[in-house]
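Structure file input21.txt with compact mmCIF, C-alpha atoms:
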```txt
# COMPACT_ATOMS: atom_id res chain seq x y z
CA MET Q 291 118.02 54.69 164.93
CA SER Q 292 119.04 54.75 168.58
CA GLN Q 293 120.53 58.05 169.75
CA ASN Q 294 123.42 56.10 171.28
CA ARG Q 295 124.30 54.29 168.04
CA PRO Q 296 127.01 55.88 165.87
CA PRO Q 297 125.61 57.64 162.79
CA LYS Q 298 125.56 55.83 159.45
CA GLY Q 299 129.07 55.69 158.02
CA GLY Q 300 130.65 55.45 161.46
CA SER Q 301 131.54 58.25 163.85
CA GLY Q 302 134.99 58.66 162.26
CA GLN Q 303 133.45 59.66 158.95
CA GLU Q 304 130.65 61.62 160.60
CA VAL Q 305 132.99 63.85 162.62
CA ARG Q 306 135.00 64.66 159.49
CA ALA Q 307 131.83 65.42 157.53
CA ALA Q 308 130.66 67.66 160.40
CA ALA Q 309 134.02 69.46 160.35
CA ALA Q 310 133.71 70.05 156.60
CA ARG Q 311 130.20 71.46 157.02
CA ALA Q 312 131.39 73.78 159.80
CA LEU Q 313 134.35 75.01 157.72
CA VAL Q 314 132.38 75.84 154.58
CA PRO Q 315 131.08 79.22 155.92
CA VAL Q 316 134.66 80.20 156.82
CA LEU Q 317 136.10 79.14 153.47
CA THR Q 318 133.36 80.99 151.57
CA ASP Q 319 133.52 84.12 153.78
CA GLN Q 320 129.95 83.56 154.97
CA GLY Q 321 130.57 82.95 158.69
CA SER Q 322 132.99 82.06 161.46
CA LEU Q 323 133.64 79.22 163.88
CA ALA Q 324 131.78 81.12 166.61
CA GLY Q 325 128.67 79.08 165.93
CA LEU Q 326 130.40 75.67 165.88
CA ASP Q 327 127.89 73.10 167.14
CA GLU Q 328 129.95 70.52 169.00
CA HIS Q 329 126.74 68.57 169.68
CA SER Q 330 126.40 67.76 165.99
CA VAL Q 331 128.50 64.65 166.71
CA ILE Q 332 128.45 62.05 169.46
CA ALA Q 333 130.02 63.02 172.79
CA ARG Q 334 133.30 61.16 172.33
CA ASP Q 335 133.98 62.98 169.05
CA ARG Q 336 133.36 66.56 170.19
CA SER Q 337 136.95 67.38 171.10
CA LEU Q 338 138.10 65.89 167.77
CA LEU Q 339 135.56 68.02 165.88
CA LYS Q 340 136.85 71.16 167.55
CA GLU Q 341 140.47 70.24 166.87
CA LEU Q 342 139.75 69.53 163.19
CA CYS Q 343 137.95 72.85 162.70
CA TYR Q 344 140.23 75.12 164.72
CA GLY Q 345 143.40 73.36 163.66
CA THR Q 346 142.49 73.57 159.98
CA CYS Q 347 141.85 77.31 160.30
CA ARG Q 348 145.07 77.77 162.25
CA ARG Q 349 147.13 76.17 159.46
CA LEU Q 350 144.88 77.31 156.62
CA PRO Q 351 147.34 79.28 154.42
CA ARG Q 352 149.68 76.29 154.30
CA LEU Q 353 146.89 73.74 153.86
CA GLU Q 354 145.44 75.77 150.98
CA ALA Q 355 148.83 75.90 149.26
CA LEU Q 356 149.25 72.14 149.61
CA ALA Q 357 145.72 71.50 148.36
CA GLY Q 358 146.49 73.61 145.30
CA ALA Q 359 149.61 71.53 144.66
CA LEU Q 360 147.70 68.25 145.00
CA LEU Q 361 144.70 69.09 142.81
CA LYS Q 362 144.81 69.07 139.03
CA GLN Q 363 142.08 71.69 139.09
CA PRO Q 364 140.25 73.37 141.97
CA PHE Q 365 136.85 72.19 143.13
CA LYS Q 366 133.79 74.06 141.93
CA LYS Q 367 132.22 76.51 144.37
CA ARG Q 368 129.30 74.15 144.99
CA ASP Q 369 131.83 71.59 146.23
CA SER Q 370 133.33 73.76 148.97
CA ASP Q 371 132.49 70.99 151.43
CA VAL Q 372 134.70 68.55 149.52
CA HIS Q 373 137.48 71.14 149.46
CA ALA Q 374 137.06 71.48 153.24
CA LEU Q 375 137.39 67.69 153.58
CA LEU Q 376 140.68 67.79 151.68
CA LEU Q 377 142.01 70.48 154.01
CA VAL Q 378 140.88 68.46 157.03
CA GLY Q 379 142.66 65.40 155.62
CA ILE Q 380 145.90 67.30 155.02
CA TYR Q 381 145.74 68.72 158.54
CA GLN Q 382 145.41 65.25 160.05
CA LEU Q 383 148.32 63.83 158.07
CA LEU Q 384 150.71 66.67 158.88
CA TYR Q 385 149.69 67.92 162.31
CA MET Q 386 147.85 65.19 164.20
CA ARG Q 387 148.79 61.81 165.60
CA ILE Q 388 145.90 60.05 163.91
CA PRO Q 389 147.17 56.95 162.02
CA ALA Q 390 147.59 57.78 158.35
CA HIS Q 391 145.28 54.98 157.18
CA ALA Q 392 142.48 56.37 159.36
CA ALA Q 393 143.10 59.97 158.32
CA VAL Q 394 142.91 59.02 154.65
CA GLY Q 395 140.17 56.41 154.76
CA GLU Q 396 137.78 58.17 157.11
CA THR Q 397 138.23 61.55 155.41
CA ALA Q 398 137.68 60.17 151.91
CA GLY Q 399 134.73 58.11 153.11
CA ALA Q 400 133.13 61.17 154.68
CA ALA Q 401 132.38 62.49 151.19
CA ARG Q 402 129.56 59.94 150.99
CA LEU Q 403 127.91 61.57 154.01
CA LEU Q 404 127.99 64.84 152.09
CA GLY Q 405 126.17 63.17 149.21
CA LYS Q 406 129.26 63.26 146.99
CA GLU Q 407 130.51 59.73 146.61
CA TRP Q 408 132.42 60.70 143.46
CA ALA Q 409 134.81 62.70 145.64
CA THR Q 410 136.05 59.70 147.63
CA ARG Q 411 138.44 58.71 144.82
CA VAL Q 412 139.74 62.28 144.42
CA LEU Q 413 140.32 62.72 148.15
CA ASN Q 414 141.91 59.32 148.49
CA GLY Q 415 144.28 60.03 145.60
CA CYS Q 416 145.31 63.47 146.88
CA LEU Q 417 145.94 62.33 150.43
CA ARG Q 418 147.89 59.24 149.38
CA ARG Q 419 150.04 61.40 147.13
CA LEU Q 420 150.73 63.69 150.07
CA GLN Q 421 151.87 60.64 152.04
CA ARG Q 422 154.28 59.64 149.28
CA GLU Q 423 155.61 63.11 148.41
CA SER Q 424 155.16 64.94 151.70
CA GLU Q 425 158.70 66.27 152.07
CA ALA Q 426 158.98 67.61 148.53
CA LEU Q 427 155.49 69.13 148.46
CA GLN Q 428 155.98 70.91 151.79
CA ALA Q 429 159.40 72.24 150.79
CA ALA Q 430 157.95 73.63 147.57
CA VAL Q 431 155.04 75.52 149.13
CA ASP Q 432 157.19 76.79 152.02
CA LEU Q 433 159.29 78.83 149.60
CA ASP Q 434 156.49 81.38 150.05
CA GLU Q 435 157.13 82.98 153.45
CA SER Q 436 153.45 83.67 154.09
CA VAL Q 437 152.74 79.97 153.51
CA ALA Q 438 155.61 78.83 155.72
CA LEU Q 439 154.47 81.15 158.53
CA GLU Q 440 150.79 80.39 157.87
CA HIS Q 441 149.54 83.98 157.62
CA PRO Q 442 147.89 85.86 154.76
CA PRO Q 443 150.47 88.06 153.00
CA TRP Q 444 148.80 91.36 153.93
CA LEU Q 445 148.85 90.51 157.64
CA LEU Q 446 152.41 89.23 157.62
CA ASN Q 447 153.51 92.45 155.90
CA ALA Q 448 151.57 94.55 158.43
CA LEU Q 449 153.23 92.75 161.35
CA ARG Q 450 156.68 93.10 159.79
CA THR Q 451 156.18 96.82 159.18
CA ALA Q 452 154.78 97.55 162.64
CA TRP Q 453 157.08 95.32 164.67
CA PRO Q 454 160.35 94.68 162.79
CA GLU Q 455 161.89 92.92 165.80
CA GLN Q 456 158.85 90.97 167.06
CA TRP Q 457 156.86 90.11 163.93
CA ARG Q 458 158.19 86.59 163.48
CA ALA Q 459 157.63 85.71 167.13
CA ILE Q 460 154.08 87.10 166.91
CA ALA Q 461 153.34 85.00 163.82
CA THR Q 462 154.78 81.89 165.44
CA ALA Q 463 152.70 82.43 168.58
CA ASN Q 464 149.57 82.94 166.48
CA ASN Q 465 149.99 79.43 165.09
CA GLU Q 466 149.69 77.75 168.49
CA PRO Q 467 146.55 77.36 170.64
CA GLY Q 468 146.29 79.85 173.48
CA PRO Q 469 146.37 78.61 177.07
CA MET Q 470 143.26 78.39 179.24
CA THR Q 471 143.40 81.12 181.88
CA LEU Q 472 140.96 81.55 184.77
CA ARG Q 473 139.83 84.60 186.74
CA VAL Q 474 139.09 83.78 190.36
CA ASN Q 475 136.12 85.63 191.86
CA GLN Q 476 137.48 87.25 195.00
CA HIS Q 477 133.99 87.24 196.53
CA HIS Q 478 134.45 83.49 197.02
CA ASN Q 479 138.17 82.71 197.11
CA ASP Q 480 141.64 84.09 196.66
CA ARG Q 481 143.52 82.52 193.79
CA GLU Q 482 145.99 80.65 196.01
CA ALA Q 483 143.11 78.82 197.72
CA TYR Q 484 141.44 78.13 194.39
CA LEU Q 485 144.69 76.77 192.93
CA GLN Q 486 144.72 74.29 195.80
CA GLN Q 487 141.15 73.26 194.92
CA LEU Q 488 142.26 72.69 191.34
CA THR Q 489 145.13 70.51 192.55
CA GLU Q 490 142.74 68.45 194.64
CA GLN Q 491 140.60 68.01 191.52
CA GLY Q 492 143.62 66.71 189.60
CA LEU Q 493 144.07 69.92 187.60
CA SER Q 494 147.43 71.69 187.54
CA GLY Q 495 148.23 75.32 186.84
CA HIS Q 496 150.21 78.35 187.94
CA LEU Q 497 149.50 81.89 189.10
CA CYS Q 498 149.50 84.54 186.39
CA LEU Q 499 152.47 86.87 186.53
CA HIS Q 500 150.58 90.12 185.88
CA ALA Q 501 146.85 89.58 186.58
CA PRO Q 502 146.29 89.39 190.36
CA ASP Q 503 143.18 87.20 190.02
CA GLY Q 504 144.53 84.94 187.26
CA ILE Q 505 145.52 81.28 187.07
CA THR Q 506 146.73 79.66 183.86
CA LEU Q 507 146.03 75.94 183.55
CA ASP Q 508 148.76 73.63 182.34
CA ALA Q 509 146.20 71.98 180.03
CA PRO Q 510 142.72 73.15 178.96
CA CYS Q 511 139.68 71.39 180.40
CA ASP Q 512 135.91 71.51 180.17
CA VAL Q 513 134.55 74.32 182.36
CA THR Q 514 132.06 71.92 183.94
CA ILE Q 515 134.84 70.22 185.91
CA LEU Q 516 136.18 73.48 187.37
CA PRO Q 517 135.36 73.64 191.10
CA GLY Q 518 132.51 76.09 191.73
CA PHE Q 519 132.14 77.17 188.11
CA GLU Q 520 128.34 77.02 188.05
CA GLU Q 521 128.26 78.84 191.41
CA GLY Q 522 130.30 81.74 190.01
CA HIS Q 523 133.57 81.07 191.80
CA VAL Q 524 135.63 81.31 188.62
CA SER Q 525 135.47 82.45 184.99
CA VAL Q 526 137.57 81.86 181.89
CA GLN Q 527 139.38 85.03 180.83
CA ASP Q 528 142.79 85.69 179.28
CA GLU Q 529 145.41 87.33 181.49
CA ALA Q 530 145.72 90.38 179.23
CA ALA Q 531 141.96 90.94 179.33
CA GLN Q 532 142.04 90.85 183.13
CA LEU Q 533 144.37 93.86 183.25
CA SER Q 534 141.53 96.27 182.42
CA ALA Q 535 140.17 96.08 185.97
CA ALA Q 536 143.57 96.85 187.46
CA LEU Q 537 144.02 99.81 185.11
CA LEU Q 538 140.66 101.28 186.09
CA GLY Q 539 141.28 100.61 189.77
CA PRO Q 540 142.75 104.04 190.65
CA ALA Q 541 139.64 105.72 189.25
CA LEU Q 542 137.14 103.38 190.95
CA ALA Q 543 138.57 102.14 194.25
CA PRO Q 544 138.28 105.51 196.05
CA ARG Q 545 134.71 106.10 194.76
CA PRO Q 546 132.02 103.78 196.16
CA GLY Q 547 129.00 103.91 193.87
CA ALA Q 548 130.98 105.35 190.95
CA HIS Q 549 128.96 105.70 187.76
CA VAL Q 550 130.73 103.49 185.20
CA LEU Q 551 130.04 102.70 181.55
CA ASP Q 552 131.23 99.54 179.83
CA ALA Q 553 130.78 100.33 176.14
CA CYS Q 554 130.83 97.46 173.61
CA CYS Q 555 130.56 95.13 176.62
CA ALA Q 556 129.87 91.73 175.03
CA PRO Q 557 130.67 88.96 175.82
CA GLY Q 558 130.91 90.40 179.34
CA GLY Q 559 134.17 89.16 180.85
CA LYS Q 560 135.47 92.64 181.64
CA THR Q 561 132.00 93.74 182.77
CA ALA Q 562 131.89 90.97 185.34
CA HIS Q 563 135.45 91.56 186.51
CA LEU Q 564 134.73 95.23 187.25
CA LEU Q 565 131.67 94.24 189.30
CA GLU Q 566 133.64 91.60 191.18
CA GLN Q 567 136.33 94.12 192.07
CA PHE Q 568 134.52 97.38 192.76
CA ASP Q 569 131.43 98.82 194.42
CA ILE Q 570 130.09 100.62 191.36
CA ALA Q 571 126.90 101.41 189.48
CA LEU Q 572 127.64 99.95 186.07
CA THR Q 573 125.85 100.49 182.77
CA ALA Q 574 126.83 98.04 180.05
CA ILE Q 575 125.82 98.58 176.43
CA ASP Q 576 126.32 96.67 173.20
CA SER Q 577 124.93 97.03 169.69
CA ASP Q 578 124.51 93.27 169.25
CA ASN Q 579 121.40 92.15 171.13
CA GLN Q 580 122.23 88.47 170.83
CA ARG Q 581 125.69 88.94 172.32
CA LEU Q 582 124.16 91.13 175.04
CA GLY Q 583 122.21 88.05 176.07
CA ARG Q 584 125.53 86.32 176.75
CA VAL Q 585 126.49 89.18 179.08
CA ASP Q 586 123.24 88.68 180.97
CA ASP Q 587 123.93 84.94 181.27
CA THR Q 588 127.43 85.62 182.59
CA LEU Q 589 126.23 88.09 185.22
CA ASN Q 590 123.46 85.74 186.34
CA ARG Q 591 125.94 82.88 186.84
CA LEU Q 592 128.17 85.14 188.90
CA GLY Q 593 125.33 86.73 190.89
CA LEU Q 594 126.19 90.23 189.65
CA THR Q 595 123.98 93.13 188.61
CA ALA Q 596 124.37 95.81 185.95
CA GLU Q 597 122.09 97.93 183.81
CA LEU Q 598 122.23 96.29 180.37
CA GLN Q 599 121.17 98.27 177.32
CA HIS Q 600 120.98 97.34 173.65
CA ALA Q 601 122.53 100.51 172.27
CA ASP Q 602 125.00 101.97 169.78
CA ALA Q 603 127.99 103.54 171.54
CA THR Q 604 128.56 105.91 168.61
CA GLN Q 605 125.20 107.55 169.47
CA GLN Q 606 123.74 109.20 172.57
CA ASP Q 607 120.03 108.42 172.23
CA TRP Q 608 120.33 105.80 175.01
CA TRP Q 609 122.08 108.11 177.51
CA ASN Q 610 120.16 109.76 180.37
CA GLY Q 611 122.54 112.74 180.54
CA ALA Q 612 124.32 111.83 183.79
CA PRO Q 613 128.09 111.92 183.13
CA PHE Q 614 130.17 108.85 183.89
CA ASP Q 615 133.05 108.72 186.37
CA ALA Q 616 134.82 106.08 184.27
CA ILE Q 617 134.34 104.48 180.86
CA LEU Q 618 135.77 101.24 179.53
CA LEU Q 619 135.90 101.25 175.74
CA ASP Q 620 136.81 97.75 174.65
CA ALA Q 621 136.71 98.84 171.02
CA PRO Q 622 135.74 96.64 168.06
CA CYS Q 623 138.97 95.75 166.29
CA SER Q 624 140.70 93.36 163.92
CA GLY Q 625 141.28 90.73 166.61
CA THR Q 626 144.86 90.32 165.41
CA GLY Q 627 146.01 89.85 169.00
CA VAL Q 628 143.75 86.83 169.60
CA ILE Q 629 144.29 84.83 166.40
CA ARG Q 630 145.44 81.81 168.36
CA ARG Q 631 141.97 81.67 169.96
CA HIS Q 632 140.10 82.68 166.80
CA PRO Q 633 142.22 81.29 163.95
CA ASP Q 634 139.45 81.88 161.39
CA ILE Q 635 140.52 85.55 161.56
CA LYS Q 636 143.31 84.59 159.16
CA LYS Q 637 140.71 83.85 156.50
CA LEU Q 638 137.93 86.30 157.35
CA ARG Q 639 139.85 89.51 158.05
CA ARG Q 640 140.87 91.73 155.13
CA LYS Q 641 143.44 94.51 154.82
CA GLU Q 642 140.69 97.01 153.96
CA ASP Q 643 138.86 96.16 157.20
CA ILE Q 644 141.51 97.95 159.25
CA ARG Q 645 140.69 101.39 157.88
CA GLN Q 646 136.96 100.88 158.50
CA LEU Q 647 137.59 99.65 162.04
CA ALA Q 648 139.87 102.62 162.76
CA LYS Q 649 137.10 104.94 161.57
CA LEU Q 650 134.61 103.28 163.94
CA GLN Q 651 137.08 103.46 166.83
CA ARG Q 652 137.49 107.20 166.22
CA GLN Q 653 133.71 107.69 166.31
CA LEU Q 654 133.45 105.73 169.54
CA LEU Q 655 136.25 107.66 171.24
CA ASP Q 656 134.86 111.06 170.28
CA ASN Q 657 131.30 110.22 171.28
CA LEU Q 658 132.10 108.53 174.59
CA TRP Q 659 134.56 111.24 175.65
CA SER Q 660 131.66 113.70 175.75
CA LEU Q 661 129.86 111.43 178.27
CA LEU Q 662 132.77 111.52 180.73
CA ARG Q 663 132.82 113.96 183.63
CA PRO Q 664 135.82 116.30 184.10
CA GLY Q 665 138.38 114.36 186.13
CA GLY Q 666 136.97 111.05 184.88
CA THR Q 667 138.94 108.21 183.28
CA LEU Q 668 138.47 106.47 179.94
CA LEU Q 669 140.32 103.22 179.31
CA TYR Q 670 140.78 102.39 175.62
CA ALA Q 671 141.43 98.72 174.91
CA THR Q 672 141.74 96.50 171.86
CA CYS Q 673 142.78 92.90 171.23
CA SER Q 674 144.85 94.06 168.26
CA VAL Q 675 148.57 94.37 167.57
CA LEU Q 676 148.19 96.83 164.68
CA PRO Q 677 149.24 100.45 165.39
CA GLU Q 678 146.44 101.90 163.21
CA GLU Q 679 143.97 100.66 165.81
CA ASN Q 680 146.14 101.41 168.81
CA ALA Q 681 149.02 103.87 169.18
CA GLU Q 682 148.13 105.82 166.04
CA GLN Q 683 144.47 105.96 167.05
CA ILE Q 684 145.33 107.40 170.46
CA LYS Q 685 147.84 109.89 169.04
CA ALA Q 686 145.21 111.25 166.65
CA PHE Q 687 142.69 111.46 169.50
CA LEU Q 688 145.09 113.42 171.70
CA ASP Q 689 145.90 115.77 168.82
CA ARG Q 690 142.23 116.75 168.46
CA THR Q 691 141.22 116.55 172.16
CA PRO Q 692 142.91 119.25 174.26
CA ASP Q 693 141.24 118.19 177.53
CA ALA Q 694 142.63 114.63 177.35
CA LYS Q 695 145.59 113.70 179.54
CA VAL Q 696 147.46 110.39 179.33
CA THR Q 697 147.70 108.37 182.55
CA THR Q 698 148.78 105.03 181.10
CA PRO Q 699 151.20 103.59 183.68
CA ASN Q 700 154.82 103.03 182.76
CA ASP Q 701 155.84 101.30 186.00
CA VAL Q 702 154.23 97.96 185.11
CA ALA Q 703 155.96 94.71 184.24
CA TRP Q 704 153.72 93.81 181.31
CA GLY Q 705 153.79 94.91 177.69
CA GLU Q 706 155.94 97.66 176.29
CA PRO Q 707 155.41 101.35 175.52
CA SER Q 708 153.62 102.00 172.24
CA GLY Q 709 152.88 105.67 171.68
CA GLN Q 710 150.81 106.79 174.68
CA GLY Q 711 149.70 103.25 175.54
CA ARG Q 712 151.13 99.82 176.26
CA GLN Q 713 151.18 96.93 173.82
CA LEU Q 714 151.14 93.27 174.78
CA PHE Q 715 152.07 90.54 172.30
CA PRO Q 716 150.89 86.91 172.19
CA ALA Q 717 154.53 85.89 171.97
CA GLN Q 718 155.18 87.20 175.47
CA SER Q 719 154.30 85.20 178.60
CA SER Q 720 151.00 83.33 178.27
CA HIS Q 721 148.66 86.20 177.46
CA ASP Q 722 147.02 87.41 174.27
CA GLY Q 723 147.93 90.51 172.26
CA PHE Q 724 146.23 93.57 173.78
CA PHE Q 725 146.66 97.34 173.74
CA TYR Q 726 145.69 99.69 176.58
CA ALA Q 727 145.69 103.47 176.83
CA ARG Q 728 144.31 105.22 179.92
CA LEU Q 729 143.11 108.80 179.54
CA GLU Q 730 141.90 111.35 182.06
CA LYS Q 731 139.60 114.27 181.24
CA ARG Q 732 141.18 117.47 182.48
CA THR Q 733 139.17 119.63 184.87
CA ALA Q 734 138.47 123.22 183.91
```

Output the structure of this file as structure tokens.
Amino acid sequence: MSQNRPPKGGSGQEVRAAAARALVPVLTDQGSLAGLDEHSVIARDRSLLKELCYGTCRRLPRLEALAGALLKQPFKKRDSDVHALLLVGIYQLLYMRIPAHAAVGETAGAARLLGKEWATRVLNGCLRRLQRESEALQAAVDLDESVALEHPPWLLNALRTAWPEQWRAIATANNEPGPMTLRVNQHHNDREAYLQQLTEQGLSGHLCLHAPDGITLDAPCDVTILPGFEEGHVSVQDEAAQLSAALLGPALAPRPGAHVLDACCAPGGKTAHLLEQFDIALTAIDSDNQRLGRVDDTLNRLGLTAELQHADATQQDWWNGAPFDAILLDAPCSGTGVIRRHPDIKKLRRKEDIRQLAKLQRQLLDNLWSLLRPGGTLLYATCSVLPEENAEQIKAFLDRTPDAKVTTPNDVAWGEPSGQGRQLFPAQSSHDGFFYARLEKRTA
């Protein structure tokens, strides 16, 4: 068969079958969308594949409730791919502009490509019933607040408890795709000049309010059409993530050649930003060797150099004994501040994970603090909106660490005070949900 010819069953069925295959690991708690292979379908269908997968995960709690209402009995575990097809079909009917006949017919027909022709009748029946009874079915499932707001109950309760005034806005923001934000490499351009290049390329955007190197595009695009992307003129990075360089600036700008550690550095966006901004000697470590390779790729594209080490930041067997002037700890966390970019978090994250993550964060803080020189700065960052990982974590650290002094700025226009740090929410401006706390090690 020619590579240019649509696969058997037509590309409409093939893209839906590919989406079902990609969703099965998420639905069965075996994997995430991080490994989504957009090249599993023909070029014209790749954006549709991504929308079907990410959109289904984004609306998953509601789609699951509707699927339960439509099915007489749930599918067997071995038919998780058929269940995924049903969710994909519901998503198309309720949230996409695809004609209903195509959403139903192509989705039901895709079961044949999964080797399960028997399921075409079941899928067709469920989706046609949804067409007929859409209003009543949606009203019934939406009586459950966690379904209506499309969040697992434990997470919705955690948000309500932590942020009684903001929780609903946070949940609403989580259900929308995040904007595409760029970080302009000042070695090549200032952002005003680069914005003009974007305009000339037919791309529109606006300057970020808080990140001095940031531009948020009015609509996402493929990175390959960004002027100078391959040459390292620009990178994709959320506005909130770009604030780490500004927060470390006072510790690094007066110290050419400062010895800096980026712990838990993958995928390398903050690593690269520090090297773009400051004349430093940077060591970047991560416990995931595969993700460390992505950091290397990023630095190579940008023409930057750092000492990369595959190492565990809770240990010291990788350290040469020379204390660091500054440490960035972008700690492993729940990711509850970036759900709109990683909607599979709604399915994969569990309430019990938070305690384990908090324990790991504590180990990282205690270990890395001992590597910092007196007078040095440690910046603690997470992409979480849960206090257990943020304000409460820093409070506990300060209680047991007498030589730690808080230097988190209060005179900034972003976020709001949260304990001894600052919390950003995805509902505010165009940035993700991040927490930052800046700490200085007291001199003797």

Given all atoms listed in the file, how would the per-residue table for region 306-380 of chain Q near region 462-467 of chain Q read, listing every residue at most 10 Å away with its closest atom pair and distance in Å to one decimal, sorted by chain and number, as a tab-separated table?
```
residue	atom	partner	partner_atom	distance
Q:Tyr344	CA	Q:Pro467	CA	8.9
Q:Gly345	CA	Q:Pro467	CA	8.6
Q:Cys347	CA	Q:Asn465	CA	9.7
Q:Arg348	CA	Q:Asn465	CA	5.9
Q:Arg349	CA	Q:Asn465	CA	7.1
```

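The space between CA of Trp457 (chain Q) and CA of Glu529 (chain Q) spans 21.1 Å.
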
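The closest residue to Pro315 (chain Q), picked from Q:Asp602, Q:Glu642, Q:Glu682, Q:Asp371 and counting only C-alpha atoms, is Q:Asp371.
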
Kindly indicate which residue among Q:Leu714, Q:Leu497, Q:Leu688, Q:Val675 lies nearest to Thr451 (chain Q), using all atoms listed in the file for the distances. Q:Val675

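Taking CA of Arg334 (chain Q) and CA of Ala308 (chain Q) as the two end points, the separation is 13.8 Å.
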
To one decimal in Å, tell me the separation between CA of His391 (chain Q) and CA of Pro633 (chain Q). 27.3 Å

Using all atoms listed in the file, which of Q:His500, Q:Pro517, Q:Gly539, Q:Gly547 sits nearest Gln486 (chain Q)? Q:Pro517

Would you pick out the contacts of Gly665 (chain Q) at 10 Å or less, using only C-alpha atoms, so that residues sharing its chain but fewer than 2 positions from it are not included, and give the list as a ChimeraX atom specification? /Q:541,615-616,662-663,667,693-695,729-734

Distance criterion (all atoms listed in the file): nearest to Ala438 (chain Q) out of Q:Glu354, Q:Glu490, Q:Glu566, Q:Glu521: Q:Glu354

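Of the listed residues (Q:Cys554, Q:Leu361, Q:Leu449, Q:Leu323), Q:Leu449 comes nearest to Gly627 (chain Q); the distances count all atoms listed in the file.
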
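Residues with any atom within 10 Å of Gln532 (chain Q), counting only C-alpha atoms and excluding same-chain neighbours fewer than 2 positions away, are Q:Thr471, Q:Leu472, Q:Arg473, Q:His500, Q:Ala501, Q:Pro502, Q:Asp503, Q:Gly504, Q:Gln527, Q:Asp528, Q:Glu529, Q:Ala530, Q:Ser534, Q:Ala535, Q:Ala536, Q:Leu537, Q:Gly559, Q:Lys560, Q:His563, Q:Leu564, Q:His721.
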
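Distance annotation: of Q:Ile570, Q:Ala409, Q:Ile505, Q:Ala531, the residue with the minimal separation from Gly558 (chain Q) is Q:Ala531; atom set is all atoms listed in the file.
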
Residues near region 395-399 of chain Q, anyone? I mean within 9 Å using all atoms listed in the file, not counting same-chain ones fewer than 3 positions away, as a PyMOL selection string. chain Q and resi 299-300+302-304+306-307+375-376+378-379+390-392+402-403+407+409-414+417

What's the 8 Å shell around Leu360 (chain Q), counting all atoms listed in the file, without same-chain residues fewer than 6 positions away, as an MDAnalysis selection string? chainID Q and resid 416 419:420

Go ahead and dump the residues you just picked, C-alpha atoms, as a PDB file, in the coordinates of the input.
```
ATOM      1  CA  CYS Q 416     145.310  63.470 146.880  1.00  0.00           C
ATOM      2  CA  ARG Q 419     150.040  61.400 147.130  1.00  0.00           C
ATOM      3  CA  LEU Q 420     150.730  63.690 150.070  1.00  0.00           C
TER       4      LEU Q 420
END
```
